[in-house]
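Worksheet: the structure to be examined is printed underneath.
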Amino acid sequence: MELSSLTIEQASAGLRKKEFSSVEITEAVLKRIDSVDTNVHAYLSVLEEEAHIAAKMADEVLGRENTAGSLLGIPVALKDNMTMAGTITTSASRMLEHYRAPYDGTVVSCLKKEGAVIIGKTNLDEFAMGSSTENSAFGPTSNPWDLSCVPGGSSGGSAAAVSADECIYALGSDTGGSIRQPASLCGVVGLKPTYGQVSRYGLIAMASSLDQIGPITKTVKDAAIVFDAIKGADLRDASSARADRKSTLGTITGDIKGLKIGVPREYFIEGMDLEIEKATREAIEVYRSLGAEIIDVSLPHTEYALAVYYIIMPAEVSANLARFDGVRYGFRDEDAQDLTTLYQESRRKGFGAEVRRRIILGTYTLSSGYADAYYKKAQKVRARIEKDFAHAFTQVDCLLTPTTPALAFRKGEKSADPLTMYLEDIFTVSANIAGVPGISLPCGFASREGNNLPMGLQLMGKHWDEATILNAAFSYEQATLWHVRRPDILS
Ligand code: GLN
């Protein structure tokens, strides 16, 4: 077995038994990037030198003690909207093409404290806006299962890198599905924690009432390990709410006898891929056989979720991205002769089409006369959606749905039509709107033109209760073999 294909658990065990060193895993991962990333294009930058230094330090620690954390010496990839001191952080935008971050974001500090080896920065849709990674200013990422397809987005680079063994695990960010949807399309595990679990200090903001950072991994237990390492209150992010450092990993037993799983009827909609529907229904049966109680529930305002998201998110985008004015940050149009032209041209040339579209939409829905009709109304419906979840969670412990309505699609297939692209988010945005945690895990494969395309199952839980969905996910993972399959298109 190649070292690059190990899980965190396997790598950590091997490092402790001195079967290999951190330098060796790091080199194996760098070699893998070298051989496949021209095809996949998961990375925007590879931090070879920094990774080597971190790996050597990890080996020294491993030589001295056996008590070190479980991420010590293990290569991780970061979505390129997270700052790491001294490295370029582009958010896949021309606007930040040359922006060198002067500080570590909190998640990066957490990883460094654990002795992780940060191997590179991954591709994304510009400023995390998109579902295919095609909105990157630096070219799209390919799906390792079928290179003609998208990996999903916006954390498409992170999901593809994990799936193609170009890292052991990665971090992504999720505002409306950007961890779970690409994880689903790439056949890996993605966890969006409860809003407020993980500090966003150092995350380039997209929509502040929705953004959350989380892990993308090869297994459920790996996701718990990373989540445990990055969660916790942080004075530098006022929305990070809990100081709880209890191990989630320690609560995973795989025993789900008597667990009440709700299946919301609104998540089986006309037009969704039939193979995805079938795989989800089969997963429900697996859960039943594992001893879970399956309960039919309703989240009646689900049909408004996408509309609410596409009003609130652009409003927050327009506010957050106001800082990119050509003066304080990033790209500046040097030809501008006066201040207004400088603002206009820097923003017109620095931002891509999708980002500009959202800024315009958001500015419109916040403008006087329209704020009541759109933004305030959306906030009211948001409260209803939150209530739907609260009510469902009086009946059940977690909810089970498909992660996406469609399989990985071909590059170019949806990029000309933003509305079709937005429909990709139909099953994922509600968790962000309500702030609850959600996880996507592999639940089968559909074959298309000789290639296998992964499908994902989503579990959503109560606020602060990642433990239940991780345990339920682990139980399913133990009972199935989907997670051990890796794309062979690259070998
Ligand atoms: N696909 C969604 C969008 O385009 C989600 C993005 C995200 O979660 N960052 O907004």
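In the structure tokens, chains take the letters A, B, ... in the order shown, each chain's residues start at 1, and ligands count up from 1 in the order shown.
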From a DSSP calculation on the backbone, collect every residue of range 144-299 of chain A in strand (DSSP E or B) and output the set as a ChimeraX atom specification. /A:146,149,169-174,189-192,198,203,212-217,231,260-264,293-297
Convert the current residue selection to file output with N, CA and C atoms, as a short mmCIF file (atom, residue, chain, number, x, y, z; two decimals), in the first residue's frame.
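So the final result, stored in again_10.cif, reads:
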data_model
loop_
_atom_site.label_atom_id
_atom_site.label_comp_id
_atom_site.auth_asym_id
_atom_site.auth_seq_id
_atom_site.Cartn_x
_atom_site.Cartn_y
_atom_site.Cartn_z
N ASP A 146 -13.76 10.62 -12.69
CA ASP A 146 -13.98 10.83 -14.12
C ASP A 146 -13.48 12.23 -14.42
N CYS A 149 -15.44 15.22 -15.50
CA CYS A 149 -16.48 15.75 -14.60
C CYS A 149 -15.91 16.71 -13.56
N TYR A 169 -5.72 14.12 4.46
CA TYR A 169 -7.03 14.73 4.73
C TYR A 169 -6.93 16.21 4.38
N ALA A 170 -8.08 16.88 4.41
CA ALA A 170 -8.07 18.29 4.02
C ALA A 170 -9.10 19.05 4.85
N LEU A 171 -8.97 20.37 4.82
CA LEU A 171 -10.01 21.22 5.40
C LEU A 171 -10.76 21.90 4.27
N GLY A 172 -12.07 22.08 4.47
CA GLY A 172 -12.88 22.83 3.53
C GLY A 172 -13.72 23.82 4.31
N SER A 173 -14.48 24.64 3.60
CA SER A 173 -15.44 25.51 4.27
C SER A 173 -16.79 25.30 3.62
N ASP A 174 -17.84 25.50 4.40
CA ASP A 174 -19.19 25.15 3.95
C ASP A 174 -20.14 26.27 4.33
N VAL A 189 -15.56 11.57 2.84
CA VAL A 189 -16.40 12.02 3.96
C VAL A 189 -16.20 13.52 4.18
N GLY A 190 -17.29 14.27 4.38
CA GLY A 190 -17.16 15.70 4.67
C GLY A 190 -18.09 16.10 5.80
N LEU A 191 -17.54 16.78 6.80
CA LEU A 191 -18.34 17.20 7.95
C LEU A 191 -18.44 18.71 8.03
N LYS A 192 -19.67 19.22 8.01
CA LYS A 192 -19.90 20.63 8.33
C LYS A 192 -20.36 20.69 9.77
N VAL A 198 -16.34 25.82 15.06
CA VAL A 198 -14.96 26.01 14.63
C VAL A 198 -14.75 27.49 14.33
N LEU A 203 -10.45 32.71 8.02
CA LEU A 203 -11.19 32.21 6.85
C LEU A 203 -11.67 33.44 6.08
N GLN A 212 -18.81 27.94 7.82
CA GLN A 212 -18.24 27.06 8.84
C GLN A 212 -17.13 26.22 8.21
N ILE A 213 -16.06 26.01 8.97
CA ILE A 213 -14.93 25.20 8.49
C ILE A 213 -15.10 23.76 8.98
N GLY A 214 -14.67 22.80 8.17
CA GLY A 214 -14.75 21.41 8.62
C GLY A 214 -13.83 20.51 7.82
N PRO A 215 -13.72 19.24 8.28
CA PRO A 215 -12.80 18.30 7.64
C PRO A 215 -13.38 17.56 6.43
N ILE A 216 -12.49 17.21 5.51
CA ILE A 216 -12.80 16.28 4.42
C ILE A 216 -11.79 15.14 4.54
N THR A 217 -12.28 13.93 4.71
CA THR A 217 -11.42 12.81 5.07
C THR A 217 -11.81 11.54 4.32
N LYS A 231 -12.03 22.28 16.75
CA LYS A 231 -13.20 22.92 17.35
C LYS A 231 -12.82 23.71 18.61
N LYS A 260 -33.07 7.02 16.80
CA LYS A 260 -34.22 7.43 15.99
C LYS A 260 -33.74 8.29 14.83
N ILE A 261 -33.88 7.75 13.62
CA ILE A 261 -33.45 8.48 12.43
C ILE A 261 -34.68 8.97 11.67
N GLY A 262 -34.75 10.27 11.47
CA GLY A 262 -35.87 10.84 10.72
C GLY A 262 -35.55 10.94 9.24
N VAL A 263 -36.52 10.58 8.43
CA VAL A 263 -36.35 10.73 6.98
C VAL A 263 -37.36 11.79 6.53
N PRO A 264 -36.88 13.01 6.24
CA PRO A 264 -37.81 14.07 5.86
C PRO A 264 -38.35 13.85 4.45
N GLU A 293 -34.30 3.05 14.48
CA GLU A 293 -35.72 3.18 14.23
C GLU A 293 -35.89 4.27 13.18
N ILE A 294 -36.53 3.93 12.08
CA ILE A 294 -36.67 4.90 10.98
C ILE A 294 -38.03 5.58 11.10
N ILE A 295 -38.02 6.90 11.11
CA ILE A 295 -39.27 7.63 11.34
C ILE A 295 -39.48 8.66 10.22
N ASP A 296 -40.67 8.63 9.67
CA ASP A 296 -41.03 9.57 8.62
C ASP A 296 -41.28 10.95 9.28
N VAL A 297 -40.55 11.97 8.84
CA VAL A 297 -40.76 13.30 9.43
C VAL A 297 -40.97 14.33 8.32
#
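Residues of protein or nucleic acid lying within 7 Å of ligand 1, counting only C-alpha atoms and all ligand atoms, are Ala128, Met129, Gly130, Ser131, Gly153, Ser154, Ser173, Asp174, Thr175, Gly176, Gly177, Ser178, Ile179, Tyr422, Glu424 and Asp425 of chain A.
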Which residues are close to Thr106 in chain A, i.e. within 7 Å by only C-alpha atoms, leaving aside same-chain residues fewer than 3 positions away? Reply as a list in words.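 After dropping sequence-adjacent residues, the list is Ser109, Cys110, Ser199, Tyr201 and Gly202 of chain A.
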Let me see the file: selected residues, N, CA and C atoms, as an mmCIF file, in the first residue's frame.
data_model
loop_
_atom_site.group_PDB
_atom_site.id
_atom_site.type_symbol
_atom_site.label_atom_id
_atom_site.label_comp_id
_atom_site.auth_asym_id
_atom_site.auth_seq_id
_atom_site.Cartn_x
_atom_site.Cartn_y
_atom_site.Cartn_z
ATOM 1 N N SER A 109 -3.467 27.439 13.257
ATOM 2 C CA SER A 109 -2.765 27.367 14.553
ATOM 3 C C SER A 109 -3.052 26.036 15.236
ATOM 4 N N CYS A 110 -4.314 25.599 15.183
ATOM 5 C CA CYS A 110 -4.672 24.313 15.806
ATOM 6 C C CYS A 110 -3.884 23.173 15.162
ATOM 7 N N SER A 199 -13.699 28.057 14.843
ATOM 8 C CA SER A 199 -13.422 29.473 14.623
ATOM 9 C C SER A 199 -13.175 29.761 13.144
ATOM 10 N N TYR A 201 -11.746 32.644 12.287
ATOM 11 C CA TYR A 201 -10.679 33.648 12.216
ATOM 12 C C TYR A 201 -9.634 33.153 11.205
ATOM 13 N N GLY A 202 -9.393 33.950 10.176
ATOM 14 C CA GLY A 202 -8.449 33.517 9.143
ATOM 15 C C GLY A 202 -9.120 32.836 7.964
#
Would you please work out which residue, of A:Arg281, A:Arg357, A:Lys257, A:Lys221, is nearest to Gln10 in chain A when using only C-alpha atoms? A:Lys221
Residues near Ser440 in chain A, cut-off 8 Å, only C-alpha atoms, skip fewer than 4 positions along chain, as a list of chain:residue names: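 Those residues are A:Arg180, A:Gln181, A:Ala183, A:Ser184, A:Val188, A:Val189, A:Gly190, A:Leu191, A:Thr403, A:Gly456, A:Leu457, A:Gln458, A:Leu459.
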Residue selection dump (C-alpha atoms) as a tab-separated table (two decimals), in the first residue's frame:
chain	number	residue	atom	x	y	z
A	180	ARG	CA	-20.60	18.02	1.84
A	181	GLN	CA	-21.42	18.32	-1.86
A	183	ALA	CA	-17.23	15.13	-0.60
A	184	SER	CA	-20.28	13.38	-2.01
A	188	VAL	CA	-15.12	10.87	0.56
A	189	VAL	CA	-16.40	12.02	3.96
A	190	GLY	CA	-17.16	15.70	4.67
A	191	LEU	CA	-18.34	17.20	7.95
A	403	THR	CA	-26.44	14.93	-0.10
A	456	GLY	CA	-23.31	10.55	-0.88
A	457	LEU	CA	-25.63	10.19	2.07
A	458	GLN	CA	-26.24	13.14	4.39
A	459	LEU	CA	-26.92	12.96	8.12
Find the residues near range 86-89 of chain A: any atom within 12 Å, counting only C-alpha atoms, skip ones fewer than 5 places away on the same chain, and give them as a ChimeraX atom specification. /A:43-50,78-81,94-105,108,118-124,126-127,202-204,330
Selected residues written out with N, CA, C and O atoms, as a compact mmCIF listing (two decimals), in the first residue's frame:
# COMPACT_ATOMS: atom_id res chain seq x y z
N TYR A 43 -4.57 21.39 -6.52
CA TYR A 43 -3.78 22.36 -5.76
C TYR A 43 -3.57 23.68 -6.50
O TYR A 43 -3.34 23.69 -7.71
N LEU A 44 -3.63 24.76 -5.74
CA LEU A 44 -3.21 26.06 -6.28
C LEU A 44 -1.77 26.33 -5.90
O LEU A 44 -1.04 26.99 -6.63
N SER A 45 -1.34 25.84 -4.74
CA SER A 45 0.08 25.92 -4.40
C SER A 45 0.47 24.74 -3.53
O SER A 45 -0.34 24.26 -2.72
N VAL A 46 1.68 24.25 -3.75
CA VAL A 46 2.21 23.14 -2.95
C VAL A 46 3.33 23.71 -2.10
O VAL A 46 4.21 24.41 -2.61
N LEU A 47 3.26 23.44 -0.79
CA LEU A 47 4.21 24.06 0.14
C LEU A 47 5.31 23.05 0.49
O LEU A 47 5.44 22.60 1.63
N GLU A 48 6.09 22.71 -0.54
CA GLU A 48 7.06 21.63 -0.39
C GLU A 48 8.05 21.90 0.74
O GLU A 48 8.28 21.03 1.60
N GLU A 49 8.62 23.10 0.72
CA GLU A 49 9.65 23.42 1.71
C GLU A 49 9.09 23.41 3.14
O GLU A 49 9.64 22.77 4.04
N GLU A 50 7.97 24.11 3.31
CA GLU A 50 7.34 24.18 4.64
C GLU A 50 6.97 22.77 5.12
O GLU A 50 7.12 22.45 6.29
N LEU A 78 -5.10 22.50 2.73
CA LEU A 78 -6.02 23.56 3.17
C LEU A 78 -6.68 24.20 1.98
O LEU A 78 -6.02 24.56 0.99
N LYS A 79 -7.98 24.40 2.07
CA LYS A 79 -8.67 25.17 1.04
C LYS A 79 -8.04 26.55 1.00
O LYS A 79 -7.74 27.14 2.05
N ASP A 80 -7.85 27.08 -0.19
CA ASP A 80 -7.08 28.32 -0.31
C ASP A 80 -7.86 29.59 0.06
O ASP A 80 -7.53 30.69 -0.39
N ASN A 81 -8.87 29.43 0.92
CA ASN A 81 -9.48 30.62 1.51
C ASN A 81 -9.16 30.69 3.00
O ASN A 81 -9.82 31.40 3.74
N ARG A 94 -8.52 36.49 -8.82
CA ARG A 94 -7.49 37.43 -9.30
C ARG A 94 -7.26 38.52 -8.26
O ARG A 94 -6.17 39.06 -8.13
N MET A 95 -8.34 38.86 -7.55
CA MET A 95 -8.27 39.91 -6.55
C MET A 95 -7.16 39.64 -5.54
O MET A 95 -6.50 40.57 -5.07
N LEU A 96 -6.96 38.38 -5.18
CA LEU A 96 -5.98 38.04 -4.14
C LEU A 96 -4.83 37.19 -4.70
O LEU A 96 -4.14 36.51 -3.93
N GLU A 97 -4.62 37.27 -6.01
CA GLU A 97 -3.62 36.41 -6.64
C GLU A 97 -2.25 36.50 -5.95
O GLU A 97 -1.53 35.51 -5.83
N HIS A 98 -1.89 37.70 -5.50
CA HIS A 98 -0.56 37.87 -4.90
C HIS A 98 -0.62 38.16 -3.41
O HIS A 98 0.34 38.66 -2.83
N TYR A 99 -1.75 37.88 -2.79
CA TYR A 99 -1.92 38.21 -1.37
C TYR A 99 -1.18 37.19 -0.49
O TYR A 99 -1.50 36.00 -0.50
N ARG A 100 -0.21 37.68 0.24
CA ARG A 100 0.52 36.80 1.15
C ARG A 100 -0.02 37.05 2.56
O ARG A 100 0.08 38.17 3.07
N ALA A 101 -0.58 36.04 3.17
CA ALA A 101 -1.23 36.24 4.47
C ALA A 101 -0.20 36.52 5.55
O ALA A 101 0.80 35.81 5.65
N PRO A 102 -0.44 37.54 6.37
CA PRO A 102 0.52 37.85 7.42
C PRO A 102 0.28 37.06 8.71
O PRO A 102 1.03 37.22 9.67
N TYR A 103 -0.74 36.23 8.76
CA TYR A 103 -1.04 35.55 10.02
C TYR A 103 -1.67 34.17 9.77
O TYR A 103 -2.21 33.93 8.70
N ASP A 104 -1.57 33.33 10.80
CA ASP A 104 -2.23 32.03 10.75
C ASP A 104 -3.67 32.16 11.18
O ASP A 104 -3.96 32.76 12.23
N GLY A 105 -4.59 31.60 10.44
CA GLY A 105 -5.97 31.48 10.91
C GLY A 105 -5.99 30.52 12.10
O GLY A 105 -5.03 29.75 12.30
N VAL A 108 -5.43 26.88 11.36
CA VAL A 108 -4.03 26.59 11.03
C VAL A 108 -3.20 26.52 12.32
O VAL A 108 -2.36 25.63 12.48
N ILE A 118 1.40 20.76 6.80
CA ILE A 118 0.51 21.42 5.82
C ILE A 118 1.20 21.38 4.45
O ILE A 118 2.25 21.97 4.24
N ILE A 119 0.57 20.65 3.55
CA ILE A 119 1.25 20.29 2.31
C ILE A 119 0.92 21.23 1.15
O ILE A 119 1.67 21.34 0.20
N GLY A 120 -0.20 21.94 1.25
CA GLY A 120 -0.53 22.84 0.15
C GLY A 120 -1.90 23.45 0.30
O GLY A 120 -2.63 23.17 1.25
N LYS A 121 -2.23 24.32 -0.65
CA LYS A 121 -3.49 25.05 -0.64
C LYS A 121 -4.29 24.60 -1.86
O LYS A 121 -3.78 24.55 -2.98
N THR A 122 -5.56 24.29 -1.62
CA THR A 122 -6.35 23.67 -2.69
C THR A 122 -7.30 24.65 -3.39
O THR A 122 -7.70 25.67 -2.84
N ASN A 123 -7.66 24.23 -4.58
CA ASN A 123 -8.51 25.03 -5.47
C ASN A 123 -9.95 25.10 -4.96
O ASN A 123 -10.42 24.23 -4.22
N LEU A 124 -10.66 26.15 -5.37
CA LEU A 124 -12.05 26.35 -4.94
C LEU A 124 -12.74 27.24 -5.96
O LEU A 124 -12.09 27.84 -6.81
N GLU A 126 -14.21 30.69 -6.83
CA GLU A 126 -13.76 32.00 -6.36
C GLU A 126 -14.55 32.45 -5.12
O GLU A 126 -15.78 32.47 -5.13
N PHE A 127 -13.83 32.78 -4.06
CA PHE A 127 -14.43 33.19 -2.78
C PHE A 127 -15.49 32.19 -2.29
O PHE A 127 -16.44 32.57 -1.61
N GLY A 202 -9.39 33.95 10.18
CA GLY A 202 -8.45 33.52 9.14
C GLY A 202 -9.12 32.84 7.96
O GLY A 202 -8.46 32.44 7.01
N LEU A 203 -10.45 32.71 8.02
CA LEU A 203 -11.19 32.21 6.85
C LEU A 203 -11.67 33.44 6.08
O LEU A 203 -12.31 34.32 6.68
N ILE A 204 -11.38 33.51 4.81
CA ILE A 204 -11.84 34.66 4.04
C ILE A 204 -13.36 34.57 3.94
O ILE A 204 -13.90 33.62 3.39
N GLY A 330 -5.39 43.56 -2.21
CA GLY A 330 -5.36 42.87 -3.48
C GLY A 330 -5.24 43.72 -4.73
O GLY A 330 -4.63 44.78 -4.74
Go through range 150-280 of chain A and collect every residue that DSSP, computed from the backbone, puts in helix (DSSP H, G or I); the answer should be as a PyMOL selection string. chain A and resi 156-163+180-186+220-230+249-251+265-267+274-280
Option closest in space to Asp397 in chain A, from A:Ser415, A:Thr468, A:Thr363, A:Ser430 [counting only C-alpha atoms]: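 Ranking A:Ser415, A:Thr468, A:Thr363, A:Ser430 by distance to Asp397 in chain A, first place goes to A:Thr468.
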Residues near Thr280 in chain A, anyone? I mean within 7 Å using only C-alpha atoms, not counting same-chain ones fewer than 3 positions away, as a ChimeraX atom specification. /A:276-277,283-284,402,457
When distances are computed from only C-alpha atoms, which of A:Gly271, A:Gly196, A:Pro437, A:Gly250 shows the smallest separation from Asp237 in chain A?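 Ranked by minimum distance to Asp237 in chain A, first place goes to A:Gly196.
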Option closest in space to Thr248 in chain A, from A:Ser132, A:Asn471, A:Asn452, A:Gln344 [counting only C-alpha atoms]: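 Nearest candidate to Thr248 in chain A out of A:Ser132, A:Asn471, A:Asn452, A:Gln344: A:Asn471.
For the choices A:Pro314, A:Gly412, A:Pro454, A:Gly187, the atom-to-atom distance to Leu366 in chain A is smallest for A:Pro314 when using only C-alpha atoms.
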Between A:Gly461, A:Gly435, A:Gly444, A:Gly69, which residue has the minimum interatomic distance to Leu210 in chain A, considering only C-alpha atoms?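 Result for the nearest residue to Leu210 in chain A: A:Gly435.
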Excluding same-chain residues fewer than 3 positions from Glu65 in chain A, what lies within 12 Å of it counting only C-alpha atoms, as a list of chain:residue names?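 Here the answer would be A:Leu15, A:Arg16, A:Lys17, A:Lys18, A:Ala58, A:Asp59, A:Glu60, A:Val61, A:Leu62, A:Ala68, A:Gly69, A:Leu72.
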Atomic separation - CA of Ala13 in chain A relative to CA of Ser70 in chain A, Å: 8.6 Å
